[in-house]
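With mmCIF, N, CA and C atoms inside, this is structure.cif:
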```
data_run
loop_
_atom_site.label_atom_id
_atom_site.label_comp_id
_atom_site.auth_asym_id
_atom_site.auth_seq_id
_atom_site.Cartn_x
_atom_site.Cartn_y
_atom_site.Cartn_z
N MET F 162 142.37 70.76 101.85
CA MET F 162 142.57 71.64 102.99
C MET F 162 142.02 73.03 102.69
N LEU F 163 142.14 73.45 101.46
CA LEU F 163 141.64 74.76 101.08
C LEU F 163 140.12 74.82 101.24
N ASN F 164 139.41 73.73 100.89
CA ASN F 164 137.96 73.69 101.03
C ASN F 164 137.54 73.84 102.49
N THR F 165 138.26 73.22 103.39
CA THR F 165 137.93 73.30 104.82
C THR F 165 138.07 74.72 105.32
N SER F 166 139.14 75.41 104.95
CA SER F 166 139.31 76.79 105.42
C SER F 166 138.27 77.71 104.79
N ARG F 167 137.90 77.46 103.55
CA ARG F 167 136.86 78.27 102.91
C ARG F 167 135.51 78.03 103.60
N THR F 168 135.20 76.78 103.94
CA THR F 168 133.95 76.46 104.63
C THR F 168 133.92 77.15 105.99
N ASN F 169 135.04 77.11 106.71
CA ASN F 169 135.10 77.78 108.02
C ASN F 169 134.93 79.29 107.87
N ALA F 170 135.50 79.86 106.82
CA ALA F 170 135.35 81.29 106.59
C ALA F 170 133.89 81.64 106.33
N TYR F 171 133.18 80.81 105.53
CA TYR F 171 131.75 81.06 105.28
C TYR F 171 130.94 80.93 106.56
N LYS F 172 131.28 79.94 107.38
CA LYS F 172 130.56 79.77 108.65
C LYS F 172 130.78 80.98 109.56
N SER F 173 132.01 81.46 109.59
CA SER F 173 132.31 82.63 110.42
C SER F 173 131.57 83.87 109.91
N LEU F 174 131.54 84.03 108.60
CA LEU F 174 130.83 85.16 108.01
C LEU F 174 129.33 85.07 108.29
N ALA F 175 128.78 83.88 108.19
CA ALA F 175 127.35 83.69 108.47
C ALA F 175 127.05 83.99 109.94
N CYS F 176 127.92 83.56 110.83
CA CYS F 176 127.73 83.84 112.26
C CYS F 176 127.79 85.34 112.54
N LEU F 177 128.72 86.04 111.90
CA LEU F 177 128.82 87.49 112.07
C LEU F 177 127.57 88.20 111.55
N ALA F 178 127.05 87.72 110.42
CA ALA F 178 125.84 88.32 109.86
C ALA F 178 124.65 88.11 110.79
N LEU F 179 124.51 86.91 111.33
CA LEU F 179 123.42 86.63 112.26
C LEU F 179 123.57 87.45 113.54
N LEU F 180 124.78 87.59 114.02
CA LEU F 180 125.03 88.39 115.22
C LEU F 180 124.67 89.85 114.98
N ALA F 181 125.01 90.37 113.82
CA ALA F 181 124.67 91.76 113.49
C ALA F 181 123.17 91.95 113.44
N LEU F 182 122.45 90.98 112.86
CA LEU F 182 121.00 91.07 112.82
C LEU F 182 120.38 90.99 114.20
N ALA F 183 120.92 90.12 115.04
CA ALA F 183 120.38 89.95 116.39
C ALA F 183 120.62 91.19 117.24
N CYS F 184 121.69 91.91 117.01
CA CYS F 184 122.02 93.08 117.81
C CYS F 184 121.31 94.34 117.35
N SER F 185 120.84 94.35 116.11
CA SER F 185 120.18 95.56 115.61
C SER F 185 118.72 95.56 116.06
N PRO F 186 118.13 96.75 116.24
CA PRO F 186 116.73 96.80 116.65
C PRO F 186 115.82 96.22 115.57
N ALA F 187 114.68 95.68 116.00
CA ALA F 187 113.77 95.06 115.06
C ALA F 187 113.10 96.09 114.18
N HIS F 188 112.93 97.31 114.69
CA HIS F 188 112.32 98.37 113.90
C HIS F 188 112.88 99.70 114.36
N SER F 189 112.88 100.64 113.46
CA SER F 189 113.40 101.96 113.76
C SER F 189 112.23 102.90 114.05
N LEU F 190 112.27 103.55 115.20
CA LEU F 190 111.19 104.42 115.62
C LEU F 190 111.61 105.88 115.55
N THR F 191 110.68 106.72 115.19
CA THR F 191 110.85 108.16 115.27
C THR F 191 109.76 108.66 116.19
N THR F 192 110.13 109.36 117.26
CA THR F 192 109.14 109.82 118.21
C THR F 192 109.25 111.33 118.41
N THR F 193 108.13 111.94 118.72
CA THR F 193 108.12 113.34 119.12
C THR F 193 107.24 113.48 120.35
N PHE F 194 107.48 114.54 121.12
CA PHE F 194 106.73 114.80 122.35
C PHE F 194 106.36 116.28 122.36
N ARG F 195 105.11 116.53 122.66
CA ARG F 195 104.63 117.90 122.70
C ARG F 195 103.67 118.03 123.88
N VAL F 196 103.71 119.18 124.54
CA VAL F 196 102.80 119.47 125.65
C VAL F 196 101.97 120.68 125.24
N TRP F 197 100.66 120.58 125.38
CA TRP F 197 99.81 121.70 125.01
C TRP F 197 98.61 121.78 125.94
N GLY F 198 97.98 122.92 125.92
CA GLY F 198 96.81 123.14 126.75
C GLY F 198 95.68 123.72 125.92
N SER F 199 94.48 123.55 126.41
CA SER F 199 93.29 124.07 125.74
C SER F 199 92.17 124.17 126.76
N PRO F 200 91.31 125.16 126.65
CA PRO F 200 90.15 125.22 127.55
C PRO F 200 89.26 123.98 127.45
N TRP F 201 89.28 123.29 126.31
CA TRP F 201 88.47 122.09 126.14
C TRP F 201 88.90 120.96 127.07
N LEU F 202 90.15 120.98 127.51
CA LEU F 202 90.63 119.91 128.39
C LEU F 202 89.89 119.89 129.72
N TYR F 203 89.37 121.04 130.15
CA TYR F 203 88.68 121.12 131.43
C TYR F 203 87.32 120.43 131.40
N SER F 204 86.81 120.12 130.23
CA SER F 204 85.53 119.42 130.14
C SER F 204 85.71 117.90 130.23
N VAL F 205 86.94 117.42 130.25
CA VAL F 205 87.21 115.98 130.38
C VAL F 205 87.18 115.62 131.87
N PRO F 206 86.46 114.59 132.26
CA PRO F 206 86.39 114.21 133.68
C PRO F 206 87.78 113.84 134.23
N GLN F 207 88.01 114.18 135.49
CA GLN F 207 89.29 113.87 136.15
C GLN F 207 89.62 112.38 136.11
N SER F 208 88.60 111.53 136.07
CA SER F 208 88.83 110.07 136.04
C SER F 208 89.55 109.63 134.77
N GLU F 209 89.56 110.46 133.74
CA GLU F 209 90.21 110.12 132.47
C GLU F 209 91.67 110.57 132.42
N TYR F 210 92.10 111.35 133.40
CA TYR F 210 93.49 111.82 133.42
C TYR F 210 94.41 110.64 133.69
N GLY F 211 95.55 110.63 133.01
CA GLY F 211 96.52 109.54 133.17
C GLY F 211 96.26 108.35 132.26
N LYS F 212 95.12 108.32 131.58
CA LYS F 212 94.81 107.24 130.64
C LYS F 212 95.34 107.62 129.25
N VAL F 213 95.63 106.62 128.45
CA VAL F 213 96.17 106.86 127.10
C VAL F 213 95.03 106.82 126.09
N PHE F 214 94.95 107.88 125.27
CA PHE F 214 94.00 107.95 124.16
C PHE F 214 94.80 107.71 122.89
N GLU F 215 94.42 106.68 122.14
CA GLU F 215 95.18 106.23 120.97
C GLU F 215 94.50 106.65 119.68
N GLY F 216 95.28 107.08 118.72
CA GLY F 216 94.79 107.41 117.39
C GLY F 216 95.91 107.21 116.40
N SER F 217 95.65 107.53 115.14
CA SER F 217 96.71 107.43 114.14
C SER F 217 96.53 108.54 113.11
N LEU F 218 97.65 108.91 112.52
CA LEU F 218 97.66 109.92 111.46
C LEU F 218 97.48 109.22 110.12
N SER F 219 97.24 109.98 109.06
CA SER F 219 96.97 109.39 107.74
C SER F 219 98.15 108.56 107.21
N ASP F 220 99.37 108.87 107.66
CA ASP F 220 100.54 108.10 107.19
C ASP F 220 100.82 106.86 108.04
N GLY F 221 99.93 106.55 109.00
CA GLY F 221 100.11 105.39 109.85
C GLY F 221 100.85 105.67 111.15
N THR F 222 101.33 106.89 111.33
CA THR F 222 102.01 107.26 112.57
C THR F 222 101.03 107.16 113.74
N LEU F 223 101.46 106.52 114.80
CA LEU F 223 100.65 106.38 116.00
C LEU F 223 100.69 107.69 116.78
N ILE F 224 99.55 108.16 117.24
CA ILE F 224 99.51 109.38 118.04
C ILE F 224 98.79 109.05 119.34
N LEU F 225 99.44 109.36 120.46
CA LEU F 225 98.91 109.04 121.78
C LEU F 225 98.81 110.32 122.60
N HIS F 226 97.71 110.45 123.32
CA HIS F 226 97.51 111.60 124.20
C HIS F 226 97.26 111.11 125.62
N VAL F 227 97.81 111.85 126.57
CA VAL F 227 97.60 111.60 127.99
C VAL F 227 97.30 112.95 128.62
N LEU F 228 96.25 113.02 129.42
CA LEU F 228 95.95 114.26 130.12
C LEU F 228 96.61 114.24 131.49
N ALA F 229 97.21 115.36 131.85
CA ALA F 229 97.91 115.47 133.13
C ALA F 229 97.61 116.83 133.74
N SER F 230 97.87 116.94 135.03
CA SER F 230 97.67 118.20 135.73
C SER F 230 99.02 118.80 136.10
N ALA F 231 99.10 120.10 135.99
CA ALA F 231 100.27 120.85 136.44
C ALA F 231 99.77 121.84 137.49
N THR F 232 100.69 122.41 138.23
CA THR F 232 100.31 123.36 139.28
C THR F 232 101.19 124.60 139.20
N GLY F 233 100.94 125.51 140.11
CA GLY F 233 101.76 126.71 140.18
C GLY F 233 103.19 126.42 140.60
N THR F 234 103.44 125.25 141.18
CA THR F 234 104.79 124.92 141.65
C THR F 234 105.44 123.76 140.89
N ALA F 235 104.68 123.00 140.11
CA ALA F 235 105.24 121.87 139.37
C ALA F 235 104.60 121.79 137.99
N ALA F 236 105.43 121.93 136.97
CA ALA F 236 104.95 121.89 135.58
C ALA F 236 105.56 120.70 134.86
N ILE F 237 104.95 120.33 133.76
CA ILE F 237 105.47 119.23 132.96
C ILE F 237 106.70 119.72 132.20
N ASP F 238 107.77 118.97 132.30
CA ASP F 238 109.02 119.30 131.62
C ASP F 238 108.87 118.94 130.14
N THR F 239 108.82 119.94 129.29
CA THR F 239 108.58 119.70 127.86
C THR F 239 109.74 119.00 127.16
N ALA F 240 110.90 118.94 127.81
CA ALA F 240 112.06 118.27 127.21
C ALA F 240 112.19 116.83 127.71
N SER F 241 111.26 116.36 128.53
CA SER F 241 111.44 115.07 129.18
C SER F 241 110.72 113.92 128.51
N GLY F 242 109.91 114.17 127.50
CA GLY F 242 109.12 113.10 126.89
C GLY F 242 109.97 112.02 126.26
N LYS F 243 109.58 110.79 126.52
CA LYS F 243 110.35 109.65 126.03
C LYS F 243 109.40 108.47 125.85
N VAL F 244 109.66 107.64 124.87
CA VAL F 244 108.86 106.45 124.62
C VAL F 244 109.78 105.24 124.74
N VAL F 245 109.33 104.24 125.51
CA VAL F 245 110.09 102.99 125.65
C VAL F 245 109.19 101.86 125.18
N VAL F 246 109.67 101.10 124.18
CA VAL F 246 108.90 99.98 123.64
C VAL F 246 109.64 98.70 124.01
N GLN F 247 108.93 97.83 124.73
CA GLN F 247 109.48 96.52 125.09
C GLN F 247 108.44 95.48 124.75
N GLY F 248 108.67 94.75 123.67
CA GLY F 248 107.69 93.77 123.22
C GLY F 248 106.40 94.45 122.81
N GLU F 249 105.31 94.09 123.48
CA GLU F 249 104.01 94.69 123.18
C GLU F 249 103.61 95.75 124.21
N GLN F 250 104.56 96.18 125.03
CA GLN F 250 104.33 97.21 126.06
C GLN F 250 104.99 98.51 125.63
N VAL F 251 104.21 99.60 125.57
CA VAL F 251 104.72 100.93 125.26
C VAL F 251 104.60 101.76 126.53
N THR F 252 105.72 102.29 127.00
CA THR F 252 105.72 103.15 128.17
C THR F 252 105.95 104.58 127.72
N LEU F 253 105.04 105.45 128.11
CA LEU F 253 105.12 106.87 127.79
C LEU F 253 105.67 107.58 129.03
N CYS F 254 106.83 108.20 128.88
CA CYS F 254 107.52 108.80 130.01
C CYS F 254 107.49 110.32 129.94
N TYR F 255 107.42 110.93 131.10
CA TYR F 255 107.58 112.38 131.23
C TYR F 255 107.96 112.70 132.66
N LYS F 256 108.50 113.87 132.86
CA LYS F 256 108.90 114.30 134.20
C LYS F 256 108.27 115.65 134.51
N MET F 257 108.17 115.94 135.77
CA MET F 257 107.71 117.24 136.24
C MET F 257 108.95 118.06 136.62
N LYS F 258 108.82 119.38 136.52
CA LYS F 258 109.92 120.23 136.96
C LYS F 258 109.36 121.31 137.88
N GLU F 259 110.19 121.71 138.80
CA GLU F 259 109.79 122.72 139.77
C GLU F 259 109.71 124.09 139.09
N VAL F 260 108.68 124.83 139.40
CA VAL F 260 108.54 126.19 138.90
C VAL F 260 109.12 127.13 139.95
N LYS F 261 110.08 127.92 139.56
CA LYS F 261 110.77 128.83 140.49
C LYS F 261 110.16 130.23 140.40
N TYR F 262 110.07 130.87 141.53
CA TYR F 262 109.58 132.25 141.61
C TYR F 262 110.63 133.10 142.31
N PRO F 263 110.63 134.39 142.04
CA PRO F 263 111.58 135.27 142.74
C PRO F 263 111.31 135.24 144.25
N PRO F 264 112.33 135.53 145.04
CA PRO F 264 112.12 135.56 146.50
C PRO F 264 110.98 136.51 146.88
N ASN F 265 110.18 136.08 147.81
CA ASN F 265 109.05 136.83 148.36
C ASN F 265 107.93 137.07 147.34
N ALA F 266 108.00 136.47 146.18
CA ALA F 266 106.93 136.60 145.19
C ALA F 266 105.79 135.65 145.55
N PRO F 267 104.57 136.04 145.28
CA PRO F 267 103.45 135.13 145.56
C PRO F 267 103.50 133.92 144.63
N ILE F 268 103.09 132.78 145.15
CA ILE F 268 103.02 131.56 144.35
C ILE F 268 101.55 131.32 144.03
N PRO F 269 101.20 131.30 142.76
CA PRO F 269 99.78 131.13 142.42
C PRO F 269 99.27 129.75 142.82
N ALA F 270 98.12 129.73 143.41
CA ALA F 270 97.48 128.47 143.81
C ALA F 270 96.58 128.00 142.68
N ILE F 271 97.21 127.44 141.66
CA ILE F 271 96.45 127.00 140.49
C ILE F 271 96.74 125.54 140.16
N VAL F 272 95.78 124.90 139.55
CA VAL F 272 95.95 123.59 138.95
C VAL F 272 95.40 123.73 137.55
N TYR F 273 96.18 123.31 136.57
CA TYR F 273 95.71 123.42 135.20
C TYR F 273 95.98 122.14 134.43
N SER F 274 95.21 121.94 133.38
CA SER F 274 95.28 120.71 132.59
C SER F 274 96.19 120.90 131.39
N GLN F 275 96.93 119.84 131.09
CA GLN F 275 97.77 119.82 129.90
C GLN F 275 97.64 118.47 129.22
N ALA F 276 97.78 118.48 127.91
CA ALA F 276 97.77 117.25 127.14
C ALA F 276 99.21 116.92 126.75
N LEU F 277 99.60 115.69 126.99
CA LEU F 277 100.90 115.20 126.56
C LEU F 277 100.65 114.45 125.26
N GLU F 278 101.37 114.82 124.22
CA GLU F 278 101.16 114.22 122.91
C GLU F 278 102.44 113.52 122.47
N TYR F 279 102.32 112.23 122.22
CA TYR F 279 103.44 111.42 121.75
C TYR F 279 103.09 110.93 120.35
N THR F 280 103.97 111.15 119.40
CA THR F 280 103.79 110.56 118.07
C THR F 280 104.91 109.57 117.85
N ILE F 281 104.55 108.40 117.31
CA ILE F 281 105.52 107.33 117.10
C ILE F 281 105.37 106.82 115.68
N ALA F 282 106.38 107.05 114.87
CA ALA F 282 106.39 106.56 113.49
C ALA F 282 107.31 105.34 113.42
N GLY F 283 106.92 104.35 112.64
CA GLY F 283 107.77 103.18 112.44
C GLY F 283 107.43 102.01 113.35
N LEU F 284 106.39 102.12 114.14
CA LEU F 284 105.99 101.03 115.03
C LEU F 284 105.16 100.03 114.22
N PRO F 285 105.44 98.74 114.34
CA PRO F 285 104.66 97.76 113.57
C PRO F 285 103.18 97.78 113.97
N LYS F 286 102.33 97.41 113.05
CA LYS F 286 100.89 97.37 113.31
C LYS F 286 100.57 96.14 114.15
N LYS F 287 100.29 96.34 115.43
CA LYS F 287 99.80 95.28 116.30
C LYS F 287 99.20 95.92 117.55
N LYS F 288 98.60 95.12 118.37
CA LYS F 288 97.94 95.61 119.57
C LYS F 288 98.99 95.79 120.68
N PHE F 289 99.10 97.03 121.17
CA PHE F 289 100.03 97.34 122.25
C PHE F 289 99.27 97.67 123.52
N SER F 290 99.91 97.44 124.64
CA SER F 290 99.37 97.93 125.90
C SER F 290 100.21 99.15 126.28
N TYR F 291 99.60 100.08 126.99
CA TYR F 291 100.26 101.34 127.29
C TYR F 291 100.37 101.55 128.78
N ARG F 292 101.45 102.22 129.16
CA ARG F 292 101.70 102.58 130.54
C ARG F 292 102.27 103.98 130.54
N VAL F 293 101.89 104.79 131.53
CA VAL F 293 102.40 106.14 131.68
C VAL F 293 103.26 106.17 132.94
N SER F 294 104.45 106.77 132.84
CA SER F 294 105.37 106.78 133.98
C SER F 294 106.10 108.11 134.07
N GLN F 295 106.31 108.54 135.31
CA GLN F 295 107.13 109.73 135.57
C GLN F 295 108.52 109.34 136.05
N THR F 296 108.82 108.04 136.07
CA THR F 296 110.09 107.58 136.63
C THR F 296 110.98 106.85 135.63
N CYS F 297 110.78 107.03 134.34
CA CYS F 297 111.63 106.38 133.33
C CYS F 297 113.03 107.00 133.35
N GLU F 298 114.00 106.19 133.08
CA GLU F 298 115.39 106.68 133.01
C GLU F 298 115.82 106.81 131.58
#
```

Now that the file is in, can you turn its structure into structure tokens?
Amino acid sequence: MLNTSRTNAYKSLACLALLALACSPAHSLTTTFRVWGSPWLYSVPQSEYGKVFEGSLSDGTLILHVLASATGTAAIDTASGKVVVQGEQVTLCYKMKEVKYPPNAPIPAIVYSQALEYTIAGLPKKKFSYRVSQTCE
């Protein structure tokens, strides 16, 4: 009888270990988000805006750039960058925020280019597809 209870205890322990492995993420990611501008961005054709440019750093960290436009009334929220990885799909998220001006102040009629930079460390080496979204939660 003692052997049966010991066998059941091992089975329960093995099930708990498998459950813990199944619930933990397959890989741990470290991501950063940065928004920057440069006069060089204006030489990039408008048709390339919204597309993902992929590269990597010397330590293997994935670095992704997306060109976006901001205006005098809507700017890219620098605190909104987020990366969502589901299988082989990487979604790069960001939000726009309203630019407020004092009452009766003129609103500049400008459109300017910004680069969104996402760095992702810890992503396994494989071919990913990319999507850019302003509606991620």

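In terms of minimum interatomic distance to Val227 of chain F, F:Tyr279 ranks closest within F:Phe194, F:Tyr255, F:Tyr279, F:Tyr203, counting all atoms listed in the file.
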
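Between atom C of Ser230 of chain F and atom CA of Gln250 of chain F the interatomic distance comes to 24.4 Å.
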
One-decimal distance in Å that lies between atom CA of Gly242 of chain F and atom CA of Ser219 of chain F: 23.0 Å

Top pick for closest residue to Tyr273 of chain F, considering F:Gly211, F:Pro206, F:Gly216, F:Gly233 and counting all atoms listed in the file: F:Gly233

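Among the candidate residues F:Thr193, F:Thr296, F:Ser274, F:Ser204, the one lying nearest to Leu225 of chain F is F:Thr193, with distances computed using only C-alpha atoms.
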